[in-house]
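What follows is one structure encoded as structure tokens, with my remarks underneath.
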Amino acid sequence: MITVAKNDPIDRLDVFNQYRSLLFAIAYRMLGSVTDAEDMVQDTFLRWQQASEQSIKSTQAYLTTIITRLCIDRLRSARVQREHYIGSWLPEPIVTESTTNSATDPMTVAELADSLTMAFLVLLERLSPLERAVFLLREAFGYDYNEIGQIVEKKAATCRQIFRRARQHLADQRPRFQTSLQQQEQLTYKFMQASQQGDVQGLLDLLAKDITLWSDGGGQVVACLKPLHGAAKVAGFLRAIYRRAQKLGWEYEVELAQINGQPGLVYTRDNTIETVVAIEIVDNRIQSLYFMRNPDKLKQSFSKAIAEMVSLR
């Protein structure tokens, strides 16, 4: 147990900062939003400041409990708001670093891939807020059922059942990572070349037959309002984007980047980042494409501090 002087805000801040990355990592996975995750961390800190030392048996357990419960409440209200969201809602991407200059430890990349990819975060949307909390605390952070039960105010046996149902619910669609990081980067580079050249056949050679493309513009910029399914439709859509850019004389700078722990692309025009594309690759084929175009969701995508916090488990 970490002892904190009740009336010493500096000591309390120092102690809280030891857990800040963990709390942010939990909140981001729960909410899929950098802004909301930061709000939850701040709210947790305020409650931590107001709590009496006698009421805290374990600092980590106390803070984890507070932020998880806050996230469950926020997620319930957010789901109501998302019913009125224009087009597809996608989590905010986090660009960790350029793969061309990557010095990331392979184990760190593997950890990111486990619970941070766009495919995984989108999949979590199928779960209820309680299911999501139980599943993440167990699967991503390794809490035991007794600890989870205390956090969500359920019996350990109930949490075990919730986790089992959630895992079964996600089993068929759970992202598989059977392609090495090097192969993913090579495929991403080929995709970048084919899309920049409007090469439909080149795209078809890379896309899975049952590929899905999501695009989130948030009603602020042009984006697909509904997901596109199938290699032919997706390749045709990408070809149309290429033709439109050619017609309007738009010139994009395209950079290979590491997005939520896996290779992706960043599109910049006139020194403004317009699109971040996260790519899910399964069995050496592109299975899913996630186009983030909502400018509000790109504001903090390149924060190194955010990338460092969210990668910790």
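Scheme for the structure tokens: letters A, B, ... for chains in order shown; per-chain residue numbers from 1; ligand numbers from 1 in order shown.
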Next item on the list: Name all residues at most 10 Å from segment 301-303 of chain A (count only C-alpha atoms; drop same-chain ones fewer than 4 positions away) and give them as a list in words.
Entry: Val34, Glu92, Pro93, Ile94, Val95, Thr96, Glu97, Ile259, Asn260, Val276, Asp296, Lys297, Ala307 and Glu308 of chain A
Note to self: At a cut-off of 12 Å, using only C-alpha atoms, what residues contact Ala194 of chain A? Leave out same-chain residues fewer than 4 positions from it and give the result as a list in words.
What the structure shows: Leu187, Thr188, Tyr189, Lys190, Gly198, Asp199, Val200, Gln201, Gly202, Leu203, Leu204, Asp205, Leu206, Leu207, Ala235, Leu238, Arg239 and Tyr242 of chain A
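Nearest to Gln50 of chain A of all the residues A:Gln81, A:Lys226, A:Arg12, A:Leu124 is A:Arg12, counting only C-alpha atoms.
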Checklist line | Picked from segment 40-243 of chain A by DSSP as alpha helix (DSSP H), as an NGL selection string | finding: :A and (40-50 or 59-82 or 106-115 or 118-123 or 129-139 or 145-152 or 156-171 or 181-197 or 200-204 or 231-243)
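The two atoms in question, atom CA of Gln193 of chain A and atom CA of Ile241 of chain A, are spaced 13.8 Å apart.
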What's around Arg29 of chain A at 8 Å? Count only C-alpha atoms, leave out sequence neighbours fewer than 2 positions away in its own chain, and write the answer as a PDB file with N, CA and C atoms, in the first residue's frame.
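out.pdb, written as the output of this step:
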ATOM      1  N   ALA A  25      -4.727   3.855 -20.534  1.00  0.00           N
ATOM      2  CA  ALA A  25      -4.795   2.670 -21.392  1.00  0.00           C
ATOM      3  C   ALA A  25      -6.131   1.954 -21.231  1.00  0.00           C
ATOM      4  N   ILE A  26      -6.610   1.845 -20.007  1.00  0.00           N
ATOM      5  CA  ILE A  26      -7.917   1.224 -19.757  1.00  0.00           C
ATOM      6  C   ILE A  26      -9.024   2.062 -20.383  1.00  0.00           C
ATOM      7  N   ALA A  27      -8.989   3.368 -20.134  1.00  0.00           N
ATOM      8  CA  ALA A  27     -10.062   4.251 -20.604  1.00  0.00           C
ATOM      9  C   ALA A  27     -10.120   4.312 -22.127  1.00  0.00           C
ATOM     10  N   LEU A  31     -13.370   3.267 -24.302  1.00  0.00           N
ATOM     11  CA  LEU A  31     -14.153   4.302 -24.973  1.00  0.00           C
ATOM     12  C   LEU A  31     -13.779   4.527 -26.433  1.00  0.00           C
ATOM     13  N   GLY A  32     -12.575   4.148 -26.829  1.00  0.00           N
ATOM     14  CA  GLY A  32     -12.147   4.377 -28.199  1.00  0.00           C
ATOM     15  C   GLY A  32     -11.971   5.845 -28.532  1.00  0.00           C
ATOM     16  N   SER A 115      -4.688  -5.725 -28.300  1.00  0.00           N
ATOM     17  CA  SER A 115      -5.907  -5.062 -27.824  1.00  0.00           C
ATOM     18  C   SER A 115      -6.081  -3.620 -28.289  1.00  0.00           C
ATOM     19  N   LEU A 116      -5.248  -3.179 -29.211  1.00  0.00           N
ATOM     20  CA  LEU A 116      -5.323  -1.785 -29.634  1.00  0.00           C
ATOM     21  C   LEU A 116      -5.661  -1.579 -31.100  1.00  0.00           C
ATOM     22  N   LEU A 121     -10.891  -2.842 -31.575  1.00  0.00           N
ATOM     23  CA  LEU A 121     -11.709  -1.823 -30.921  1.00  0.00           C
ATOM     24  C   LEU A 121     -13.097  -1.726 -31.542  1.00  0.00           C
ATOM     25  N   LEU A 136     -12.110  -6.638 -21.126  1.00  0.00           N
ATOM     26  CA  LEU A 136     -10.828  -5.946 -21.224  1.00  0.00           C
ATOM     27  C   LEU A 136      -9.978  -6.127 -19.969  1.00  0.00           C
TER      28      LEU A 136
END
Margin query: My list of candidates is A:Gln300, A:Ser128, A:Asn284, A:Ser58. Which is closest to Ser180 of chain A when distances are computed with only C-alpha atoms?
Written below: A:Asn284
Notebook entry, point to check: Quick one, how far is atom CA of Gly217 of chain A from atom CA of Ile281 of chain A?
Noted result: 22.9 Å
Margin query: Could you list, as a ChimeraX atom specification, every residue within 8 Å of Gly230 of chain A, counting only C-alpha atoms and ignoring same-chain residues fewer than 3 positions away?
Written below: /A:208-212,233-234
Please produce a file of the residues just selected, as a PDB file, in the first residue's frame, where the atoms kept are C-alpha atoms.
ATOM      1  CA  ALA A 208      -9.600 -10.175 -49.412  1.00  0.00           C
ATOM      2  CA  LYS A 209     -12.750 -11.097 -51.312  1.00  0.00           C
ATOM      3  CA  ASP A 210     -14.907 -10.250 -48.288  1.00  0.00           C
ATOM      4  CA  ILE A 211     -13.066  -7.056 -47.351  1.00  0.00           C
ATOM      5  CA  THR A 212     -14.959  -4.260 -45.586  1.00  0.00           C
ATOM      6  CA  LYS A 233     -16.657  -2.400 -54.583  1.00  0.00           C
ATOM      7  CA  VAL A 234     -13.699  -1.364 -52.451  1.00  0.00           C
TER       8      VAL A 234
END
Margin query: Give me, as a ChimeraX atom specification, all polymer residues having an atom no more than 8 Å from Ile72 of chain A, counting only C-alpha atoms and skipping those fewer than 3 positions away in the same chain.
Written below: /A:30,68-69,75-76,129-130,133
Go ahead and dump the residues you just picked, C-alpha atoms, as a PDB file, in the first residue's frame.
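That gives us again_4.pdb:
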ATOM      1  CA  MET A  30     -13.098   1.166 -23.104  1.00  0.00           C
ATOM      2  CA  THR A  68     -13.658   1.606 -14.951  1.00  0.00           C
ATOM      3  CA  ARG A  69     -16.961   2.657 -13.406  1.00  0.00           C
ATOM      4  CA  LEU A  75     -20.018   4.446 -22.597  1.00  0.00           C
ATOM      5  CA  ARG A  76     -23.711   4.047 -21.806  1.00  0.00           C
ATOM      6  CA  PRO A 129     -20.466  -1.578 -21.418  1.00  0.00           C
ATOM      7  CA  LEU A 130     -20.300  -4.126 -18.583  1.00  0.00           C
ATOM      8  CA  ALA A 133     -15.165  -3.776 -18.984  1.00  0.00           C
TER       9      ALA A 133
END
